[in-house]
Amino acid sequence: MTNDNRERFRREATGERPDLALLCLLIGNERDAGARDPGCPDAATPGGDAAIDAAQIELDRLAGELPAGLPPDAPRAWAEALRRLLGERYGFHGTPADYRRLDSSLLQAVLGRRRGLPILLSVVWLEVARRAGARVYGVALPGHFVVAFGDPDGEHVLADPYAGGRTLSAPDVDLLVAHATGERRSVPRALLRPADPLETVLRVLNNIRAWAAARPEHSDVRLWALELALLLPHHPLRLRLEHAQLLVERGDFVAGARALEEYADLVAAMEPSSAESVRREARAARARLN
């Protein structure tokens with residue numbers, strides 16, 4: 001299933017209009033094998049393609065419960081309708097404990113538990129609102145993802161799905177970012193622009209990598225998150241180095257050494273000293289085969 005899942009992920013990510021919900025659901029599919037492992041209590045509900053279909057149907061169902069006839073140019077009405085439906089009626093929100101759970105980053109599980117990280121709850125808000133005809137987009141604030149209804153260059157309303165859909169004033173946004181980053185300042189307007197779907201997917205995968213990096217026993221999760229990130233058409237080059245080093249850590253010395261050498265070749269012209277250091281790592285990895 002994994003190879004087929006990754007090929008589907010790659011095709012969707014490199015397509016003309018990547019589907020954010022589908023990409024997030026394909027991320028959740030990577031956890032299917034772990035979900036059947038009793039040693040992985042943080043795993044998502046298994047299910048493969050059937051689970052993807054069920055999640056899409058649930059998003060459609062929720063969208064169908066929004067009031068009919070809301071005008072596209074009424075952002076506050078849309079924000080209030082989503083808050084009442086998802087935040088109040090269905091209880092979607094987040095808690096500090098959700099940051100300790102892997103399934104808080106997996107869309108199938110977030111739809112089932114109605115709990116998750118800000119970015120996955122925002123994906124739920126975005127997909128339900130979009131299906132109902134709202135003008136809606138994600139906003140990738142530092143440390144806290146939110147959604148906005150309306151025109152990014154005109155009238156718009158920001159809402160925080162992690163707080164059940166509470167609408168946000170400009171001071172609220174400043175305080176939210178200050179709480180997440182520890183830096184108190186006015187949020188620049190540039191940070192309120194619509195988030196690109198692939199950048200959103202990369203941020204989801206980064207959260208999964210961070211969760212797994214703090215739990216060395218789950219290096220398999222970190223590995224698949226890295227491998228999915230490397231399938232995105234634009235990704236930070238440093239992820240290739242992290243992937244190579246993780247392969248070595250997991251005992252795959254041949255593949256790890258090869259990946260280290262490939263990374264060194266890529267950066268040799270710009271960073272010759274770094275490239276040589278990485279080549280030494282590759283030689284050390286190969287030596288561990290003896």
# chains A, B, ... in the order shown; residues from 1 in each chain; ligands from 1

call {"tool": "residues_around", "arguments": {"residues": "Ala97 (chain A)", "least_positions_apart": "5", "cutoff": "12 Å", "atoms": "only C-alpha atoms", "output": "PyMOL selection string"}}
result
chain A and resi 102-104+115-117

call {"tool": "residues_around", "arguments": {"residues": "Leu121 (chain A)", "least_positions_apart": "2", "cutoff": "8 Å", "atoms": "only C-alpha atoms", "output": "PyMOL selection string"}}
result
chain A and resi 92-94+110+115-119+123-125+161-162

call {"tool": "write_last_selection", "arguments": {"atoms": "C-alpha atoms", "output": "PDB file, in the first residue's frame"}}
result
ATOM      1  CA  PHE A  92     -14.032  20.664  17.087  1.00  0.00           C
ATOM      2  CA  HIS A  93     -11.244  22.397  19.021  1.00  0.00           C
ATOM      3  CA  GLY A  94      -7.773  21.836  20.419  1.00  0.00           C
ATOM      4  CA  VAL A 110      -8.945  14.690  13.675  1.00  0.00           C
ATOM      5  CA  ARG A 115      -9.432  17.346  18.326  1.00  0.00           C
ATOM      6  CA  GLY A 116      -6.156  18.320  16.730  1.00  0.00           C
ATOM      7  CA  LEU A 117      -3.419  20.849  16.163  1.00  0.00           C
ATOM      8  CA  PRO A 118      -4.358  24.303  14.841  1.00  0.00           C
ATOM      9  CA  ILE A 119      -3.277  23.477  11.293  1.00  0.00           C
ATOM     10  CA  VAL A 123      -7.881  22.143   7.235  1.00  0.00           C
ATOM     11  CA  VAL A 124     -11.282  20.907   8.467  1.00  0.00           C
ATOM     12  CA  TRP A 125     -12.630  24.485   8.530  1.00  0.00           C
ATOM     13  CA  PRO A 161     -10.360  26.759  14.767  1.00  0.00           C
ATOM     14  CA  TYR A 162      -8.154  25.633  17.679  1.00  0.00           C
TER      15      TYR A 162
END

call {"tool": "select_by_dssp", "arguments": {"residues": "region 42-255 of chain A", "states": "alpha helix (DSSP H)", "output": "ChimeraX atom specification"}}
result
/A:48-64,75-82,107-113,118-132,170-181,197-213,219-229,238-249,253-255

call {"tool": "write_last_selection", "arguments": {"atoms": "C-alpha atoms", "output": "tab-separated table (two decimals), in the first residue's frame"}}
result
chain	number	residue	atom	x	y	z
A	48	GLY	CA	-6.45	3.06	3.48
A	49	ASP	CA	-8.56	4.18	0.52
A	50	ALA	CA	-11.78	3.33	2.36
A	51	ALA	CA	-10.81	5.72	5.15
A	52	ILE	CA	-10.02	8.45	2.61
A	53	ASP	CA	-13.44	8.00	1.01
A	54	ALA	CA	-15.14	8.05	4.42
A	55	ALA	CA	-13.31	11.24	5.41
A	56	GLN	CA	-14.26	12.99	2.16
A	57	ILE	CA	-17.89	11.96	2.69
A	58	GLU	CA	-17.77	13.35	6.23
A	59	LEU	CA	-16.42	16.69	5.00
A	60	ASP	CA	-19.22	16.80	2.41
A	61	ARG	CA	-21.80	15.96	5.08
A	62	LEU	CA	-20.59	18.73	7.38
A	63	ALA	CA	-20.65	21.22	4.51
A	64	GLY	CA	-24.24	20.21	3.80
A	75	PRO	CA	-17.16	36.89	5.66
A	76	ARG	CA	-18.47	37.49	9.17
A	77	ALA	CA	-21.60	35.46	8.45
A	78	TRP	CA	-19.48	32.59	7.15
A	79	ALA	CA	-17.15	32.72	10.14
A	80	GLU	CA	-20.11	32.65	12.52
A	81	ALA	CA	-21.79	29.80	10.65
A	82	LEU	CA	-18.63	27.67	10.80
A	107	LEU	CA	-6.81	14.36	9.21
A	108	GLN	CA	-8.69	11.05	9.45
A	109	ALA	CA	-8.12	10.99	13.21
A	110	VAL	CA	-8.94	14.69	13.67
A	111	LEU	CA	-12.29	14.18	11.96
A	112	GLY	CA	-13.00	11.26	14.28
A	113	ARG	CA	-11.77	12.74	17.56
A	118	PRO	CA	-4.36	24.30	14.84
A	119	ILE	CA	-3.28	23.48	11.29
A	120	LEU	CA	-5.33	20.26	11.00
A	121	LEU	CA	-8.39	21.86	12.56
A	122	SER	CA	-7.92	24.69	10.06
A	123	VAL	CA	-7.88	22.14	7.23
A	124	VAL	CA	-11.28	20.91	8.47
A	125	TRP	CA	-12.63	24.49	8.53
A	126	LEU	CA	-11.19	25.22	5.09
A	127	GLU	CA	-12.54	22.10	3.44
A	128	VAL	CA	-16.02	22.31	4.94
A	129	ALA	CA	-16.32	26.01	4.11
A	130	ARG	CA	-14.91	25.59	0.60
A	131	ARG	CA	-17.37	22.79	-0.18
A	132	ALA	CA	-20.22	25.06	0.88
A	170	ALA	CA	-5.86	42.53	15.02
A	171	PRO	CA	-4.76	42.69	18.70
A	172	ASP	CA	-5.92	39.08	19.11
A	173	VAL	CA	-3.66	38.05	16.23
A	174	ASP	CA	-0.70	39.91	17.75
A	175	LEU	CA	-1.29	38.21	21.09
A	176	LEU	CA	-1.67	34.78	19.47
A	177	VAL	CA	1.66	35.12	17.69
A	178	ALA	CA	3.33	36.50	20.81
A	179	HIS	CA	2.11	33.50	22.81
A	180	ALA	CA	3.39	31.07	20.16
A	181	THR	CA	6.76	32.72	19.53
A	197	PRO	CA	-1.57	24.36	-0.12
A	198	LEU	CA	1.83	22.68	-0.57
A	199	GLU	CA	3.42	24.93	2.04
A	200	THR	CA	0.58	23.91	4.36
A	201	VAL	CA	1.26	20.23	3.67
A	202	LEU	CA	4.96	20.73	4.35
A	203	ARG	CA	4.10	22.40	7.65
A	204	VAL	CA	1.93	19.40	8.60
A	205	LEU	CA	4.82	17.06	7.81
A	206	ASN	CA	7.23	19.27	9.78
A	207	ASN	CA	4.94	18.94	12.81
A	208	ILE	CA	5.01	15.15	12.44
A	209	ARG	CA	8.81	15.18	12.12
A	210	ALA	CA	9.09	17.29	15.27
A	211	TRP	CA	6.78	14.93	17.17
A	212	ALA	CA	8.84	11.91	16.14
A	213	ALA	CA	12.23	13.59	16.66
A	219	SER	CA	12.04	7.02	14.05
A	220	ASP	CA	9.88	5.15	11.51
A	221	VAL	CA	7.34	7.99	11.70
A	222	ARG	CA	10.05	10.58	11.21
A	223	LEU	CA	11.31	8.60	8.21
A	224	TRP	CA	8.01	8.46	6.35
A	225	ALA	CA	7.30	12.11	7.10
A	226	LEU	CA	10.67	13.03	5.58
A	227	GLU	CA	10.12	10.79	2.57
A	228	LEU	CA	6.74	12.38	1.86
A	229	ALA	CA	8.22	15.87	2.25
A	238	ARG	CA	18.35	20.40	4.35
A	239	LEU	CA	15.63	17.73	4.47
A	240	ARG	CA	17.75	15.58	2.18
A	241	LEU	CA	20.59	15.70	4.68
A	242	GLU	CA	18.26	14.90	7.56
A	243	HIS	CA	16.83	11.96	5.62
A	244	ALA	CA	20.30	10.58	4.83
A	245	GLN	CA	21.46	10.88	8.44
A	246	LEU	CA	18.29	9.21	9.70
A	247	LEU	CA	18.84	6.25	7.37
A	248	VAL	CA	22.30	5.81	8.91
A	249	GLU	CA	20.88	6.13	12.45
A	253	PHE	CA	24.23	2.23	6.05
A	254	VAL	CA	24.35	1.65	2.28
A	255	ALA	CA	21.28	3.77	1.46

call {"tool": "select_by_dssp", "arguments": {"residues": "region 11-216 of chain A", "states": "strand (DSSP E or B)", "output": "JSON, numbers by chain"}}
result
{"A": [93, 115, 136, 137, 138, 139, 140, 141, 144, 145, 146, 147, 148, 149, 150, 156, 157, 158, 159, 160, 166, 167, 168]}

call {"tool": "closest_residue", "arguments": {"among": "A:Val147, A:Leu260, A:Leu86, A:Val136", "to": "Ser274 (chain A)", "atoms": "only C-alpha atoms"}}
result
A:Leu260

call {"tool": "closest_residue", "arguments": {"among": "A:Asp160, A:Glu155, A:Thr167, A:Ser186", "to": "Ala140 (chain A)", "atoms": "only C-alpha atoms"}}
result
A:Asp160

call {"tool": "atom_distance", "arguments": {"atom1": "CA of Gly28 (chain A)", "atom2": "CA of Arg6 (chain A)"}}
result
11.4 Å

call {"tool": "residues_around", "arguments": {"residues": "Pro152 (chain A)", "least_positions_apart": "3", "cutoff": "12 Å", "atoms": "only C-alpha atoms", "output": "PyMOL selection string"}}
result
chain A and resi 73+75+135-139+147-149+155-158+189-195

call {"tool": "write_last_selection", "arguments": {"atoms": "N, CA, C and O atoms", "output": "PDB file, in the first residue's frame"}}
result
ATOM      1  N   ASP A  73     -19.804  37.149  -0.253  1.00  0.00           N
ATOM      2  CA  ASP A  73     -19.138  38.370   0.208  1.00  0.00           C
ATOM      3  C   ASP A  73     -19.580  38.778   1.613  1.00  0.00           C
ATOM      4  O   ASP A  73     -19.626  39.966   1.943  1.00  0.00           O
ATOM      5  N   PRO A  75     -18.120  37.701   4.906  1.00  0.00           N
ATOM      6  CA  PRO A  75     -17.157  36.895   5.664  1.00  0.00           C
ATOM      7  C   PRO A  75     -17.533  36.677   7.119  1.00  0.00           C
ATOM      8  O   PRO A  75     -17.325  35.591   7.666  1.00  0.00           O
ATOM      9  N   ARG A 135     -15.719  31.889   0.459  1.00  0.00           N
ATOM     10  CA  ARG A 135     -14.402  32.385   0.050  1.00  0.00           C
ATOM     11  C   ARG A 135     -13.527  32.299   1.298  1.00  0.00           C
ATOM     12  O   ARG A 135     -13.662  33.098   2.238  1.00  0.00           O
ATOM     13  N   VAL A 136     -12.640  31.318   1.339  1.00  0.00           N
ATOM     14  CA  VAL A 136     -11.912  31.000   2.557  1.00  0.00           C
ATOM     15  C   VAL A 136     -10.480  30.608   2.204  1.00  0.00           C
ATOM     16  O   VAL A 136     -10.220  30.079   1.114  1.00  0.00           O
ATOM     17  N   TYR A 137      -9.555  30.893   3.102  1.00  0.00           N
ATOM     18  CA  TYR A 137      -8.154  30.533   2.868  1.00  0.00           C
ATOM     19  C   TYR A 137      -7.444  30.375   4.210  1.00  0.00           C
ATOM     20  O   TYR A 137      -7.883  30.879   5.247  1.00  0.00           O
ATOM     21  N   GLY A 138      -6.341  29.631   4.188  1.00  0.00           N
ATOM     22  CA  GLY A 138      -5.547  29.444   5.386  1.00  0.00           C
ATOM     23  C   GLY A 138      -4.556  30.570   5.571  1.00  0.00           C
ATOM     24  O   GLY A 138      -4.107  31.191   4.600  1.00  0.00           O
ATOM     25  N   VAL A 139      -4.207  30.832   6.826  1.00  0.00           N
ATOM     26  CA  VAL A 139      -3.222  31.862   7.159  1.00  0.00           C
ATOM     27  C   VAL A 139      -2.178  31.226   8.073  1.00  0.00           C
ATOM     28  O   VAL A 139      -2.492  30.801   9.197  1.00  0.00           O
ATOM     29  N   VAL A 147      -7.647  30.445   9.944  1.00  0.00           N
ATOM     30  CA  VAL A 147      -8.330  30.587   8.660  1.00  0.00           C
ATOM     31  C   VAL A 147      -8.879  32.000   8.532  1.00  0.00           C
ATOM     32  O   VAL A 147      -9.057  32.708   9.535  1.00  0.00           O
ATOM     33  N   ALA A 148      -9.142  32.395   7.286  1.00  0.00           N
ATOM     34  CA  ALA A 148      -9.734  33.705   7.027  1.00  0.00           C
ATOM     35  C   ALA A 148     -10.844  33.554   6.002  1.00  0.00           C
ATOM     36  O   ALA A 148     -10.740  32.759   5.062  1.00  0.00           O
ATOM     37  N   PHE A 149     -11.887  34.305   6.192  1.00  0.00           N
ATOM     38  CA  PHE A 149     -13.023  34.340   5.265  1.00  0.00           C
ATOM     39  C   PHE A 149     -13.037  35.705   4.589  1.00  0.00           C
ATOM     40  O   PHE A 149     -12.841  36.721   5.242  1.00  0.00           O
ATOM     41  N   GLU A 155     -12.205  43.181   2.597  1.00  0.00           N
ATOM     42  CA  GLU A 155     -12.855  42.797   3.849  1.00  0.00           C
ATOM     43  C   GLU A 155     -12.651  41.303   4.099  1.00  0.00           C
ATOM     44  O   GLU A 155     -12.939  40.457   3.252  1.00  0.00           O
ATOM     45  N   HIS A 156     -12.152  40.983   5.282  1.00  0.00           N
ATOM     46  CA  HIS A 156     -11.979  39.583   5.656  1.00  0.00           C
ATOM     47  C   HIS A 156     -12.050  39.459   7.170  1.00  0.00           C
ATOM     48  O   HIS A 156     -11.868  40.436   7.904  1.00  0.00           O
ATOM     49  N   VAL A 157     -12.328  38.242   7.613  1.00  0.00           N
ATOM     50  CA  VAL A 157     -12.441  37.938   9.044  1.00  0.00           C
ATOM     51  C   VAL A 157     -11.580  36.722   9.337  1.00  0.00           C
ATOM     52  O   VAL A 157     -11.682  35.704   8.650  1.00  0.00           O
ATOM     53  N   LEU A 158     -10.734  36.837  10.345  1.00  0.00           N
ATOM     54  CA  LEU A 158      -9.907  35.710  10.762  1.00  0.00           C
ATOM     55  C   LEU A 158     -10.589  34.953  11.895  1.00  0.00           C
ATOM     56  O   LEU A 158     -11.249  35.553  12.750  1.00  0.00           O
ATOM     57  N   ARG A 189       1.434  42.629   7.684  1.00  0.00           N
ATOM     58  CA  ARG A 189       0.339  42.249   6.792  1.00  0.00           C
ATOM     59  C   ARG A 189       0.737  41.092   5.877  1.00  0.00           C
ATOM     60  O   ARG A 189      -0.086  40.269   5.498  1.00  0.00           O
ATOM     61  N   ALA A 190       2.032  41.027   5.544  1.00  0.00           N
ATOM     62  CA  ALA A 190       2.496  39.956   4.650  1.00  0.00           C
ATOM     63  C   ALA A 190       2.235  38.574   5.238  1.00  0.00           C
ATOM     64  O   ALA A 190       2.047  37.601   4.494  1.00  0.00           O
ATOM     65  N   LEU A 191       2.206  38.466   6.569  1.00  0.00           N
ATOM     66  CA  LEU A 191       1.968  37.172   7.206  1.00  0.00           C
ATOM     67  C   LEU A 191       0.499  36.764   7.167  1.00  0.00           C
ATOM     68  O   LEU A 191       0.171  35.629   7.530  1.00  0.00           O
ATOM     69  N   LEU A 192      -0.362  37.660   6.731  1.00  0.00           N
ATOM     70  CA  LEU A 192      -1.793  37.360   6.669  1.00  0.00           C
ATOM     71  C   LEU A 192      -2.233  36.949   5.264  1.00  0.00           C
ATOM     72  O   LEU A 192      -3.425  36.784   5.015  1.00  0.00           O
ATOM     73  N   ARG A 193      -1.273  36.746   4.368  1.00  0.00           N
ATOM     74  CA  ARG A 193      -1.598  36.333   3.009  1.00  0.00           C
ATOM     75  C   ARG A 193      -2.065  34.878   2.992  1.00  0.00           C
ATOM     76  O   ARG A 193      -1.737  34.088   3.883  1.00  0.00           O
ATOM     77  N   PRO A 194      -2.824  34.487   1.957  1.00  0.00           N
ATOM     78  CA  PRO A 194      -3.267  33.092   1.871  1.00  0.00           C
ATOM     79  C   PRO A 194      -2.098  32.118   1.807  1.00  0.00           C
ATOM     80  O   PRO A 194      -1.117  32.340   1.085  1.00  0.00           O
ATOM     81  N   ALA A 195      -2.194  31.060   2.584  1.00  0.00           N
ATOM     82  CA  ALA A 195      -1.151  30.037   2.610  1.00  0.00           C
ATOM     83  C   ALA A 195      -1.272  29.138   1.388  1.00  0.00           C
ATOM     84  O   ALA A 195      -2.370  28.716   1.012  1.00  0.00           O
TER      85      ALA A 195
END

call {"tool": "closest_residue", "arguments": {"among": "A:Leu85, A:Ala257, A:Cys24, A:Leu230", "to": "Val278 (chain A)", "atoms": "only C-alpha atoms"}}
result
A:Ala257

call {"tool": "closest_residue", "arguments": {"among": "A:Ala285, A:Ala21, A:Glu262, A:Gly164", "to": "Arg83 (chain A)", "atoms": "only C-alpha atoms"}}
result
A:Gly164

call {"tool": "closest_residue", "arguments": {"among": "A:Glu271, A:Pro71, A:Arg114, A:Ala284", "to": "Gly91 (chain A)", "atoms": "only C-alpha atoms"}}
result
A:Arg114

call {"tool": "atom_distance", "arguments": {"atom1": "CA of Ala163 (chain A)", "atom2": "CA of Arg101 (chain A)"}}
result
17.8 Å

call {"tool": "atom_distance", "arguments": {"atom1": "CA of Asp4 (chain A)", "atom2": "CA of Arg100 (chain A)"}}
result
29.4 Å

call {"tool": "closest_residue", "arguments": {"among": "A:Leu232, A:Thr2, A:Ala134, A:Arg280", "to": "Gly15 (chain A)", "atoms": "only C-alpha atoms"}}
result
A:Leu232

call {"tool": "residues_around", "arguments": {"residues": "Leu23 (chain A)", "least_positions_apart": "5", "cutoff": "8 Å", "atoms": "only C-alpha atoms", "output": "PDB file with N, CA, C and O atoms, in the first residue's frame"}}
result
ATOM      1  N   PHE A   9       0.378  10.412  -3.717  1.00  0.00           N
ATOM      2  CA  PHE A   9       0.764  11.661  -3.056  1.00  0.00           C
ATOM      3  C   PHE A   9       1.616  12.506  -4.005  1.00  0.00           C
ATOM      4  O   PHE A   9       1.395  13.714  -4.156  1.00  0.00           O
ATOM      5  N   GLU A  12      -0.483  13.992  -6.851  1.00  0.00           N
ATOM      6  CA  GLU A  12      -1.352  15.078  -6.388  1.00  0.00           C
ATOM      7  C   GLU A  12      -0.536  16.328  -6.085  1.00  0.00           C
ATOM      8  O   GLU A  12      -0.934  17.448  -6.423  1.00  0.00           O
ATOM      9  N   ALA A  13       0.627  16.152  -5.459  1.00  0.00           N
ATOM     10  CA  ALA A  13       1.462  17.291  -5.080  1.00  0.00           C
ATOM     11  C   ALA A  13       2.033  18.011  -6.291  1.00  0.00           C
ATOM     12  O   ALA A  13       2.287  19.227  -6.240  1.00  0.00           O
ATOM     13  N   PRO A  18      -3.194  21.160  -6.528  1.00  0.00           N
ATOM     14  CA  PRO A  18      -3.128  20.152  -5.460  1.00  0.00           C
ATOM     15  C   PRO A  18      -4.314  20.256  -4.505  1.00  0.00           C
ATOM     16  O   PRO A  18      -4.716  21.352  -4.108  1.00  0.00           O
ATOM     17  N   VAL A 201       0.946  21.650   3.533  1.00  0.00           N
ATOM     18  CA  VAL A 201       1.259  20.226   3.667  1.00  0.00           C
ATOM     19  C   VAL A 201       2.655  20.044   4.255  1.00  0.00           C
ATOM     20  O   VAL A 201       2.859  19.188   5.131  1.00  0.00           O
TER      21      VAL A 201
END
